[in-house]
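Raw protein.json, JSON, C-alpha atoms:
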```json
[["chain", "number", "residue", "atom", "x", "y", "z"],
["P", 1, "MET", "CA", 0.19, -69.79, 83.55],
["P", 2, "SER", "CA", -1.31, -68.61, 80.30],
["P", 3, "MET", "CA", -5.03, -67.97, 80.20],
["P", 4, "PHE", "CA", -5.64, -68.05, 76.48],
["P", 5, "LEU", "CA", -8.27, -65.72, 75.14],
["P", 6, "LYS", "CA", -10.71, -67.25, 72.74],
["P", 7, "SER", "CA", -9.53, -64.96, 69.95],
["P", 8, "LEU", "CA", -5.97, -66.14, 70.51],
["P", 9, "LYS", "CA", -6.77, -69.55, 69.19],
["P", 10, "GLU", "CA", -8.07, -68.28, 65.89],
["P", 11, "LEU", "CA", -5.36, -68.62, 63.31],
["P", 12, "PRO", "CA", -5.16, -66.06, 60.53],
["P", 13, "PRO", "CA", -5.44, -67.59, 57.04],
["P", 14, "PHE", "CA", -1.69, -67.44, 56.50],
["P", 15, "GLY", "CA", -1.13, -69.21, 59.82],
["P", 16, "VAL", "CA", -3.39, -72.00, 58.56],
["P", 17, "ALA", "CA", -1.60, -72.05, 55.18],
["P", 18, "VAL", "CA", 1.80, -72.74, 56.76],
["P", 19, "GLY", "CA", 0.54, -74.96, 59.59],
["P", 20, "MET", "CA", 1.10, -72.88, 62.73],
["P", 21, "ARG", "CA", -0.49, -74.26, 65.89],
["P", 22, "LEU", "CA", -0.69, -72.85, 69.40],
["P", 23, "ASP", "CA", 0.81, -75.07, 72.11],
["P", 24, "GLU", "CA", -1.92, -74.92, 74.74],
["P", 25, "THR", "CA", 0.00, -77.21, 77.08],
["P", 26, "ASP", "CA", 2.90, -74.78, 77.47],
["P", 27, "SER", "CA", 3.18, -73.21, 80.90],
["P", 28, "GLY", "CA", 5.10, -70.11, 79.83],
["P", 29, "PRO", "CA", 6.73, -67.71, 79.95],
["P", 30, "GLY", "CA", 4.90, -66.11, 77.05],
["P", 31, "ILE", "CA", 3.27, -68.33, 74.48],
["P", 32, "VAL", "CA", 4.47, -71.10, 72.21],
["P", 33, "VAL", "CA", 3.56, -71.72, 68.59],
["P", 34, "LEU", "CA", 4.60, -75.01, 67.01],
["P", 35, "LEU", "CA", 5.46, -75.32, 63.34],
["P", 36, "ASP", "CA", 5.80, -78.74, 61.75],
["P", 37, "GLY", "CA", 8.08, -79.19, 58.77],
["P", 38, "ASP", "CA", 6.20, -79.50, 55.50],
["P", 39, "PRO", "CA", 7.44, -79.51, 51.88],
["P", 40, "ASN", "CA", 5.32, -76.41, 51.16],
["P", 41, "ILE", "CA", 7.38, -74.24, 53.50],
["P", 42, "GLY", "CA", 10.75, -75.56, 52.42],
["P", 43, "SER", "CA", 13.69, -73.62, 51.08],
["P", 44, "HIS", "CA", 14.42, -76.22, 48.38],
["P", 45, "ASP", "CA", 12.39, -78.73, 46.46],
["P", 46, "PHE", "CA", 14.78, -81.52, 47.47],
["P", 47, "GLY", "CA", 13.78, -81.96, 51.09],
["P", 48, "GLY", "CA", 15.78, -79.09, 52.48],
["P", 49, "SER", "CA", 15.06, -76.94, 55.47],
["P", 50, "PHE", "CA", 12.43, -74.53, 56.80],
["P", 51, "HIS", "CA", 12.48, -71.37, 54.71],
["P", 52, "ASN", "CA", 13.66, -68.40, 56.76],
["P", 53, "GLY", "CA", 10.56, -66.48, 55.69],
["P", 54, "VAL", "CA", 8.17, -68.90, 57.35],
["P", 55, "ILE", "CA", 10.19, -68.71, 60.57],
["P", 56, "LEU", "CA", 9.92, -64.92, 60.43],
["P", 57, "ALA", "CA", 6.17, -65.20, 59.80],
["P", 58, "THR", "CA", 5.66, -67.51, 62.77],
["P", 59, "ILE", "CA", 7.69, -65.24, 65.04],
["P", 60, "ASP", "CA", 5.56, -62.29, 63.89],
["P", 61, "ASN", "CA", 2.37, -64.23, 64.63],
["P", 62, "ALA", "CA", 3.54, -65.48, 68.01],
["P", 63, "ALA", "CA", 4.68, -61.97, 68.96],
["P", 64, "GLY", "CA", 1.20, -60.57, 68.36],
["P", 65, "TRP", "CA", -0.38, -63.42, 70.28],
["P", 66, "CYS", "CA", 1.85, -63.08, 73.33],
["P", 67, "ILE", "CA", 0.80, -59.43, 73.74],
["P", 68, "ARG", "CA", -2.86, -60.47, 73.73],
["P", 69, "ASP", "CA", -1.97, -63.06, 76.35],
["P", 70, "HIS", "CA", -0.20, -60.53, 78.60],
["P", 71, "ALA", "CA", -1.85, -59.67, 81.94],
["P", 72, "ASP", "CA", -1.75, -55.93, 81.15],
["P", 73, "TYR", "CA", -3.36, -56.30, 77.72],
["P", 74, "ARG", "CA", -6.90, -54.92, 77.61],
["P", 75, "GLU", "CA", -9.06, -57.10, 75.40],
["P", 76, "GLY", "CA", -10.26, -55.43, 72.25],
["P", 77, "ILE", "CA", -7.31, -53.03, 71.87],
["P", 78, "ALA", "CA", -6.07, -53.12, 68.28],
["P", 79, "MET", "CA", -2.37, -53.14, 67.57],
["P", 80, "ALA", "CA", 0.09, -52.91, 64.72],
["P", 81, "THR", "CA", 3.61, -54.22, 64.24],
["P", 82, "LEU", "CA", 6.06, -51.33, 64.01],
["P", 83, "ASP", "CA", 9.15, -53.38, 63.37],
["P", 84, "LEU", "CA", 10.47, -56.91, 63.48],
["P", 85, "ARG", "CA", 14.06, -58.07, 63.46],
["P", 86, "VAL", "CA", 15.06, -61.71, 63.15],
["P", 87, "ASP", "CA", 18.53, -63.24, 63.43],
["P", 88, "PHE", "CA", 18.98, -66.63, 61.80],
["P", 89, "LEU", "CA", 21.39, -68.78, 63.77],
["P", 90, "SER", "CA", 21.08, -72.12, 62.02],
["P", 91, "TYR", "CA", 19.00, -74.13, 59.61],
["P", 92, "ALA", "CA", 16.30, -76.62, 60.63],
["P", 93, "ALA", "CA", 15.46, -79.71, 58.60],
["P", 94, "LEU", "CA", 11.87, -80.15, 57.47],
["P", 95, "SER", "CA", 11.77, -83.47, 59.32],
["P", 96, "GLU", "CA", 11.74, -81.44, 62.55],
["P", 97, "THR", "CA", 9.16, -79.39, 64.43],
["P", 98, "LEU", "CA", 9.99, -75.85, 65.54],
["P", 99, "ARG", "CA", 8.98, -74.35, 68.87],
["P", 100, "ILE", "CA", 8.54, -70.58, 68.61],
["P", 101, "ARG", "CA", 8.29, -68.86, 71.97],
["P", 102, "ALA", "CA", 7.35, -65.20, 72.25],
["P", 103, "CYS", "CA", 7.37, -63.15, 75.46],
["P", 104, "CYS", "CA", 6.01, -59.66, 75.90],
["P", 105, "GLU", "CA", 8.70, -57.91, 77.97],
["P", 106, "GLY", "CA", 6.95, -54.58, 78.34],
["P", 107, "ILE", "CA", 3.59, -53.08, 77.55],
["P", 108, "ASP", "CA", 1.89, -49.74, 78.19],
["P", 109, "ARG", "CA", -0.88, -47.72, 76.56],
["P", 110, "ASP", "CA", 1.18, -46.97, 73.49],
["P", 111, "LEU", "CA", 3.81, -49.65, 72.95],
["P", 112, "ALA", "CA", 4.61, -53.30, 73.52],
["P", 113, "PHE", "CA", 8.02, -54.96, 73.24],
["P", 114, "VAL", "CA", 8.47, -58.62, 72.42],
["P", 115, "ARG", "CA", 11.38, -61.06, 72.37],
["P", 116, "ALA", "CA", 11.06, -64.38, 70.59],
["P", 117, "SER", "CA", 13.05, -67.49, 69.79],
["P", 118, "ALA", "CA", 12.72, -70.48, 67.51],
["P", 119, "GLU", "CA", 14.28, -73.82, 68.40],
["P", 120, "ILE", "CA", 14.15, -77.40, 67.19],
["P", 121, "VAL", "CA", 11.85, -79.34, 69.52],
["P", 122, "SER", "CA", 13.77, -82.63, 69.41],
["P", 123, "THR", "CA", 17.22, -81.17, 70.09],
["P", 124, "GLY", "CA", 16.64, -77.76, 71.62],
["P", 125, "GLN", "CA", 18.96, -76.22, 69.04],
["P", 126, "LEU", "CA", 18.38, -72.49, 68.61],
["P", 127, "VAL", "CA", 17.37, -71.60, 65.05],
["P", 128, "ALA", "CA", 16.31, -67.96, 65.19],
["P", 129, "LEU", "CA", 15.95, -65.00, 67.55],
["P", 130, "GLY", "CA", 13.47, -62.21, 67.06],
["P", 131, "GLN", "CA", 12.47, -58.92, 68.54],
["P", 132, "ALA", "CA", 9.42, -56.88, 67.67],
["P", 133, "THR", "CA", 7.81, -53.60, 68.64],
["P", 134, "PHE", "CA", 4.07, -53.05, 68.48],
["P", 135, "MET", "CA", 1.99, -49.89, 68.52],
["P", 136, "MET", "CA", -1.05, -50.26, 70.79],
["P", 137, "GLY", "CA", -4.47, -48.69, 70.36],
["P", 138, "THR", "CA", -4.40, -48.30, 66.61],
["P", 139, "SER", "CA", -7.83, -48.09, 65.12],
["P", 140, "PRO", "CA", -7.61, -50.34, 63.26],
["P", 141, "GLY", "CA", -3.88, -50.42, 62.65],
["P", 142, "PRO", "CA", -1.80, -52.09, 60.00],
["P", 143, "HIS", "CA", -0.66, -55.62, 60.45],
["P", 144, "ALA", "CA", -2.37, -56.65, 63.63],
["P", 145, "SER", "CA", -1.48, -60.29, 63.37],
["P", 146, "VAL", "CA", -4.70, -61.52, 64.92],
["P", 147, "ALA", "CA", -8.12, -60.48, 63.77],
["P", 148, "GLN", "CA", -10.22, -58.69, 66.36],
["P", 149, "LYS", "CA", -13.52, -60.25, 67.25],
["P", 150, "PRO", "CA", -16.51, -57.95, 66.80],
["P", 151, "ALA", "CA", -18.03, -57.09, 70.19],
["M", 152, "MET", "CA", 11.92, -57.65, 26.73],
["M", 153, "ASN", "CA", 15.46, -58.03, 25.46],
["M", 154, "GLU", "CA", 17.54, -61.18, 25.40],
["M", 155, "ILE", "CA", 19.62, -60.32, 28.47],
["M", 156, "ASP", "CA", 16.45, -59.77, 30.48],
["M", 157, "ASN", "CA", 15.17, -63.15, 29.28],
["M", 158, "ILE", "CA", 18.30, -64.83, 30.60],
["M", 159, "ARG", "CA", 17.96, -62.97, 33.91],
["M", 160, "ARG", "CA", 14.29, -63.94, 34.09],
["M", 161, "GLN", "CA", 14.95, -67.61, 33.47],
["M", 162, "ARG", "CA", 17.61, -67.73, 36.17],
["M", 163, "LEU", "CA", 15.26, -66.25, 38.77],
["M", 164, "LEU", "CA", 12.34, -68.37, 37.59],
["M", 165, "ASP", "CA", 14.45, -71.49, 38.16],
["M", 166, "GLU", "CA", 15.20, -70.35, 41.70],
["M", 167, "ILE", "CA", 11.55, -69.56, 42.48],
["M", 168, "THR", "CA", 10.37, -72.88, 41.04],
["M", 169, "LYS", "CA", 12.74, -74.83, 43.23],
["M", 170, "THR", "CA", 11.75, -72.90, 46.37],
["M", 171, "PRO", "CA", 8.39, -74.27, 47.55],
["M", 172, "TYR", "CA", 7.85, -71.41, 50.01],
["M", 173, "PHE", "CA", 8.12, -68.81, 47.21],
["M", 174, "GLU", "CA", 5.55, -70.81, 45.27],
["M", 175, "LEU", "CA", 3.27, -70.73, 48.31],
["M", 176, "LEU", "CA", 3.62, -66.93, 48.35],
["M", 177, "GLY", "CA", 2.95, -66.82, 44.61],
["M", 178, "VAL", "CA", 6.10, -64.84, 43.78],
["M", 179, "GLN", "CA", 6.16, -63.58, 40.18],
["M", 180, "ILE", "CA", 8.86, -61.81, 38.20],
["M", 181, "GLU", "CA", 7.42, -58.49, 37.12],
["M", 182, "ALA", "CA", 10.20, -56.61, 35.34],
["M", 183, "PHE", "CA", 13.89, -55.84, 35.30],
["M", 184, "GLU", "CA", 15.47, -52.54, 36.08],
["M", 185, "ASP", "CA", 18.89, -52.36, 37.68],
["M", 186, "ALA", "CA", 17.44, -55.02, 39.99],
["M", 187, "PRO", "CA", 14.52, -57.38, 39.41],
["M", 188, "ILE", "CA", 11.02, -56.30, 40.42],
["M", 189, "LEU", "CA", 8.97, -59.10, 41.91],
["M", 190, "SER", "CA", 5.30, -59.26, 42.79],
["M", 191, "ALA", "CA", 2.73, -61.34, 44.63],
["M", 192, "MET", "CA", -1.04, -61.22, 44.41],
["M", 193, "GLY", "CA", -3.00, -60.53, 47.58],
["M", 194, "ALA", "CA", -4.31, -64.08, 47.71],
["M", 195, "ASP", "CA", -6.74, -65.11, 50.47],
["M", 196, "HIS", "CA", -4.30, -67.51, 52.12],
["M", 197, "LEU", "CA", -1.75, -64.69, 52.62],
["M", 198, "ILE", "CA", -4.04, -62.69, 54.91],
["M", 199, "GLY", "CA", -3.07, -62.08, 58.53],
["M", 200, "ASN", "CA", -6.02, -59.95, 59.60],
["M", 201, "ILE", "CA", -9.38, -60.86, 58.15],
["M", 202, "ASN", "CA", -11.21, -57.82, 59.49],
["M", 203, "LEU", "CA", -9.07, -55.06, 57.99],
["M", 204, "PRO", "CA", -8.28, -57.08, 55.82],
["M", 205, "ALA", "CA", -4.48, -57.04, 55.65],
["M", 206, "LEU", "CA", -1.67, -59.26, 54.46],
["M", 207, "HIS", "CA", 0.19, -61.15, 57.18],
["M", 208, "GLY", "CA", 3.25, -59.31, 58.50],
["M", 209, "GLY", "CA", 5.20, -62.49, 57.91],
["M", 210, "VAL", "CA", 4.19, -62.47, 54.24],
["M", 211, "LEU", "CA", 5.54, -58.94, 53.88],
["M", 212, "GLY", "CA", 8.77, -59.90, 55.65],
["M", 213, "SER", "CA", 9.11, -62.95, 53.43],
["M", 214, "LEU", "CA", 8.60, -60.91, 50.24],
["M", 215, "LEU", "CA", 11.28, -58.46, 51.39],
["M", 216, "GLU", "CA", 13.70, -61.31, 52.00],
["M", 217, "CYS", "CA", 12.80, -62.82, 48.63],
["M", 218, "ALA", "CA", 13.47, -59.54, 46.82],
["M", 219, "ALA", "CA", 16.81, -59.18, 48.59],
["M", 220, "SER", "CA", 18.02, -62.69, 47.81],
["M", 221, "MET", "CA", 16.78, -62.53, 44.19],
["M", 222, "MET", "CA", 18.58, -59.23, 43.67],
["M", 223, "LEU", "CA", 21.81, -60.86, 44.89],
["M", 224, "LEU", "CA", 21.28, -63.86, 42.63],
["M", 225, "ASP", "CA", 20.67, -61.52, 39.70],
["M", 226, "LYS", "CA", 23.91, -59.66, 40.45],
["M", 227, "ASN", "CA", 25.97, -62.80, 41.16],
["M", 228, "PRO", "CA", 24.75, -65.42, 38.70],
["M", 229, "GLN", "CA", 27.64, -67.76, 39.44],
["M", 230, "GLY", "CA", 27.30, -67.61, 43.20],
["M", 231, "VAL", "CA", 25.58, -70.11, 45.43],
["M", 232, "THR", "CA", 22.52, -68.96, 47.35],
["M", 233, "PRO", "CA", 23.81, -66.66, 50.09],
["M", 234, "ARG", "CA", 22.99, -67.39, 53.70],
["M", 235, "LEU", "CA", 20.55, -65.00, 55.33],
["M", 236, "VAL", "CA", 22.09, -63.58, 58.52],
["M", 237, "ASN", "CA", 19.33, -61.26, 59.65],
["M", 238, "ILE", "CA", 16.50, -59.06, 58.52],
["M", 239, "ASP", "CA", 15.07, -55.94, 60.12],
["M", 240, "VAL", "CA", 11.63, -54.97, 58.84],
["M", 241, "ASP", "CA", 9.85, -51.64, 59.36],
["M", 242, "TYR", "CA", 6.12, -51.83, 58.74],
["M", 243, "LEU", "CA", 5.01, -48.48, 57.35],
["M", 244, "ARG", "CA", 1.49, -48.94, 56.01],
["M", 245, "THR", "CA", -1.25, -51.54, 55.96],
["M", 246, "GLY", "CA", -0.55, -54.26, 53.43],
["M", 247, "ARG", "CA", -3.90, -54.54, 51.73],
["M", 248, "PRO", "CA", -4.67, -57.88, 50.02],
["M", 249, "VAL", "CA", -3.84, -56.60, 46.54],
["M", 250, "LYS", "CA", -0.93, -57.01, 44.18],
["M", 251, "THR", "CA", 2.26, -56.14, 46.01],
["M", 252, "TYR", "CA", 5.59, -55.26, 44.42],
["M", 253, "ALA", "CA", 9.03, -55.96, 45.86],
["M", 254, "SER", "CA", 12.51, -54.85, 44.93],
["M", 255, "ALA", "CA", 15.88, -54.53, 46.56],
["M", 256, "SER", "CA", 19.13, -52.65, 46.13],
["M", 257, "LEU", "CA", 22.67, -53.44, 47.12],
["M", 258, "VAL", "CA", 24.08, -51.14, 49.79],
["M", 259, "ARG", "CA", 27.47, -52.77, 49.93],
["M", 260, "GLN", "CA", 28.90, -56.10, 48.92],
["M", 261, "GLY", "CA", 32.23, -57.18, 50.30],
["M", 262, "ARG", "CA", 33.96, -60.52, 50.09],
["M", 263, "ARG", "CA", 31.92, -62.17, 52.83],
["M", 264, "VAL", "CA", 28.91, -60.00, 53.58],
["M", 265, "ALA", "CA", 26.28, -58.21, 51.52],
["M", 266, "SER", "CA", 24.11, -55.47, 52.97],
["M", 267, "VAL", "CA", 20.82, -55.00, 51.14],
["M", 268, "LYS", "CA", 17.84, -52.64, 51.33],
["M", 269, "ALA", "CA", 14.46, -53.98, 50.25],
["M", 270, "GLN", "CA", 11.07, -52.33, 49.84],
["M", 271, "LEU", "CA", 7.46, -53.28, 49.17],
["M", 272, "TRP", "CA", 4.80, -51.12, 47.61],
["M", 273, "GLN", "CA", 1.29, -51.45, 46.28],
["M", 274, "GLU", "CA", -0.49, -48.61, 44.49],
["M", 275, "ALA", "CA", 2.51, -46.27, 44.33],
["M", 276, "ARG", "CA", 6.21, -46.91, 44.49],
["M", 277, "ASP", "CA", 6.86, -43.75, 46.50],
["M", 278, "ARG", "CA", 4.49, -45.00, 49.19],
["M", 279, "PRO", "CA", 6.25, -48.11, 50.51],
["M", 280, "ILE", "CA", 4.24, -50.36, 52.81],
["M", 281, "ALA", "CA", 7.35, -51.95, 54.33],
["M", 282, "ILE", "CA", 11.12, -51.62, 54.10],
["M", 283, "ALA", "CA", 13.91, -53.84, 55.35],
["M", 284, "ARG", "CA", 17.62, -53.97, 55.91],
["M", 285, "VAL", "CA", 18.85, -57.47, 55.08],
["M", 286, "GLN", "CA", 22.31, -58.96, 55.62],
["M", 287, "PHE", "CA", 23.69, -62.01, 53.87],
["M", 288, "LEU", "CA", 26.78, -64.11, 54.33],
["M", 289, "LEU", "CA", 28.25, -64.88, 50.93],
["M", 290, "ASP", "CA", 29.83, -68.00, 49.62],
["M", 291, "ARG", "CA", 33.17, -68.48, 51.36],
["M", 292, "THR", "CA", 34.89, -69.16, 48.08],
["M", 293, "GLY", "CA", 34.09, -65.57, 47.24],
["M", 294, "ARG", "CA", 32.53, -65.33, 43.80],
["M", 295, "THR", "CA", 31.18, -61.93, 44.67],
["M", 296, "ASP", "CA", 31.58, -58.79, 42.63],
["M", 297, "ALA", "CA", 34.42, -57.79, 40.37],
["M", 298, "ASN", "CA", 35.53, -54.94, 42.60],
["M", 299, "HIS", "CA", 36.50, -57.28, 45.37],
["M", 300, "GLY", "CA", 37.70, -60.27, 43.42]]
```

Would you kindly transcribe this structure into structure tokens?
Amino acid sequence: MSMFLKSLKELPPFGVAVGMRLDETDSGPGIVVLLDGDPNIGSHDFGGSFHNGVILATIDNAAGWCIRDHADYREGIAMATLDLRVDFLSYAALSETLRIRACCEGIDRDLAFVRASAEIVSTGQLVALGQATFMMGTSPGPHASVAQKPA
Amino acid sequence: MNEIDNIRRQRLLDEITKTPYFELLGVQIEAFEDAPILSAMGADHLIGNINLPALHGGVLGSLLECAASMMLLDKNPQGVTPRLVNIDVDYLRTGRPVKTYASASLVRQGRRVASVKAQLWQEARDRPIAIARVQFLLDRTGRTDANHG
């Protein structure tokens, strides 16, 4: 069961801009971010589908969050994304909501490894798969997806 | 800017205007070399870390994908928008919330697949803040490049 840190719930400005929201009712594994379809994040001006870029962005955000939610994560440690790969399996219509789940599969003092998926909530259809690597203990590193709270 | 560049610019502008997500990112067309050079300002709503501050990693990934797909459109004006298969981003430096440039180059284009390299930079082109390998599936009907027609 996830025990969300307070800082976890604070969306970065870009998360707000595209409408990411943490699913606090999810029981795991990892964490879930929900993304509702909205014309602003579409790939075409005629309805269309979620732009691949916003799916990538939500996976990146969820990946950072799931590390902070991991039992072995020490609060306050800064981190930076080293790399992120996303495979795009299918399109998702903007009338849908996406469920992006990210799980931290391994973490130590230096590195954390994350796997993530994006699926359509109403059908369960897989839309994207992601994997990311994070460097831990950067001070303060590039691209930590979540702002650190001052002590 | 010469007339050919104006035609290239208009084609890409049309594509950006009809892609709401690129409008959200504030994608601009900066210049044309062999491939188009795009840019985005470090607007407040693109920030991922307010304390550094730094652009969101997803913004950088999106700009890389944008540069890659716009480069393909520029090279294949008759083609339909290719389908993104996957993207692999390496984050090299902090993306500060300032003007960020993006460009891409074609590694190989066959009949069905295009392999593209994309890069982002800020103050200096030889100091990229992120790079990506991007793969696209091309239109099945195969209006690709002349070498494979």

Please indicate the distance in Å from CA of Leu271 in chain M to CA of Ala253 in chain M, rounded to one decimal place. 4.5 Å

Exercise answer, chain M residues close to chain P, 8 Å and only C-alpha atoms, as a ChimeraX atom specification: /M:169-172,175,195-203,205-210,212-213,216,235-246

Would you mind exporting the chosen residues as a compact mmCIF listing (two decimals), in the coordinates of the input, restricted to C-alpha atoms?
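After the write, result-v3.txt holds the following:
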```
# COMPACT_ATOMS: atom_id res chain seq x y z
CA LYS M 169 12.74 -74.83 43.23
CA THR M 170 11.75 -72.90 46.37
CA PRO M 171 8.39 -74.27 47.55
CA TYR M 172 7.85 -71.41 50.01
CA LEU M 175 3.27 -70.73 48.31
CA ASP M 195 -6.74 -65.11 50.47
CA HIS M 196 -4.30 -67.51 52.12
CA LEU M 197 -1.75 -64.69 52.62
CA ILE M 198 -4.04 -62.69 54.91
CA GLY M 199 -3.07 -62.08 58.53
CA ASN M 200 -6.02 -59.95 59.60
CA ILE M 201 -9.38 -60.86 58.15
CA ASN M 202 -11.21 -57.82 59.49
CA LEU M 203 -9.07 -55.06 57.99
CA ALA M 205 -4.48 -57.04 55.65
CA LEU M 206 -1.67 -59.26 54.46
CA HIS M 207 0.19 -61.15 57.18
CA GLY M 208 3.25 -59.31 58.50
CA GLY M 209 5.20 -62.49 57.91
CA VAL M 210 4.19 -62.47 54.24
CA GLY M 212 8.77 -59.90 55.65
CA SER M 213 9.11 -62.95 53.43
CA GLU M 216 13.70 -61.31 52.00
CA LEU M 235 20.55 -65.00 55.33
CA VAL M 236 22.09 -63.58 58.52
CA ASN M 237 19.33 -61.26 59.65
CA ILE M 238 16.50 -59.06 58.52
CA ASP M 239 15.07 -55.94 60.12
CA VAL M 240 11.63 -54.97 58.84
CA ASP M 241 9.85 -51.64 59.36
CA TYR M 242 6.12 -51.83 58.74
CA LEU M 243 5.01 -48.48 57.35
CA ARG M 244 1.49 -48.94 56.01
CA THR M 245 -1.25 -51.54 55.96
CA GLY M 246 -0.55 -54.26 53.43
```

Check the smallest atom-to-atom distance from each of M:Gly193, M:Ile180, M:Ala281, M:Leu211 to Asp165 in chain M using only C-alpha atoms, then report the winner.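 For Asp165 in chain M, the nearest of the candidates is M:Ile180.
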
Distance CA of Ile107 in chain P-CA of Ile67 in chain P, one decimal place?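 Here the two named atoms are 7.9 Å from each other.
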
Expected axis-aligned box over every listed atom of range 118-134 of chain P, 4 Å added per side, centre plus edges in Å to one decimal, as lines of an AutoDock Vina configuration file:
```
center_x = 11.5
center_y = -67.8
center_z = 68.3
size_x = 22.9
size_y = 37.6
size_z = 14.6
```

The residue from P:Gly106, P:Arg115, P:Ser122, P:Arg21 with the smallest atom-to-atom distance to Asp72 in chain P, counting only C-alpha atoms, is P:Gly106

Residues within 6 Å of (8.3, -58.1, 43.8), file coordinates, counting all atoms listed in the file: what are they? Give the list as number ranges by chain. M: 188-190, 252-254

With a distance cut-off of 9 Å and only C-alpha atoms, select the neighbouring residues of range 108-111 of chain P, excluding the residue or stretch itself and same-chain residues fewer than 2 positions from it, and output the selection as JSON, numbers by chain. {"P": [72, 73, 79, 106, 113, 133, 134, 135, 136, 137, 138]}
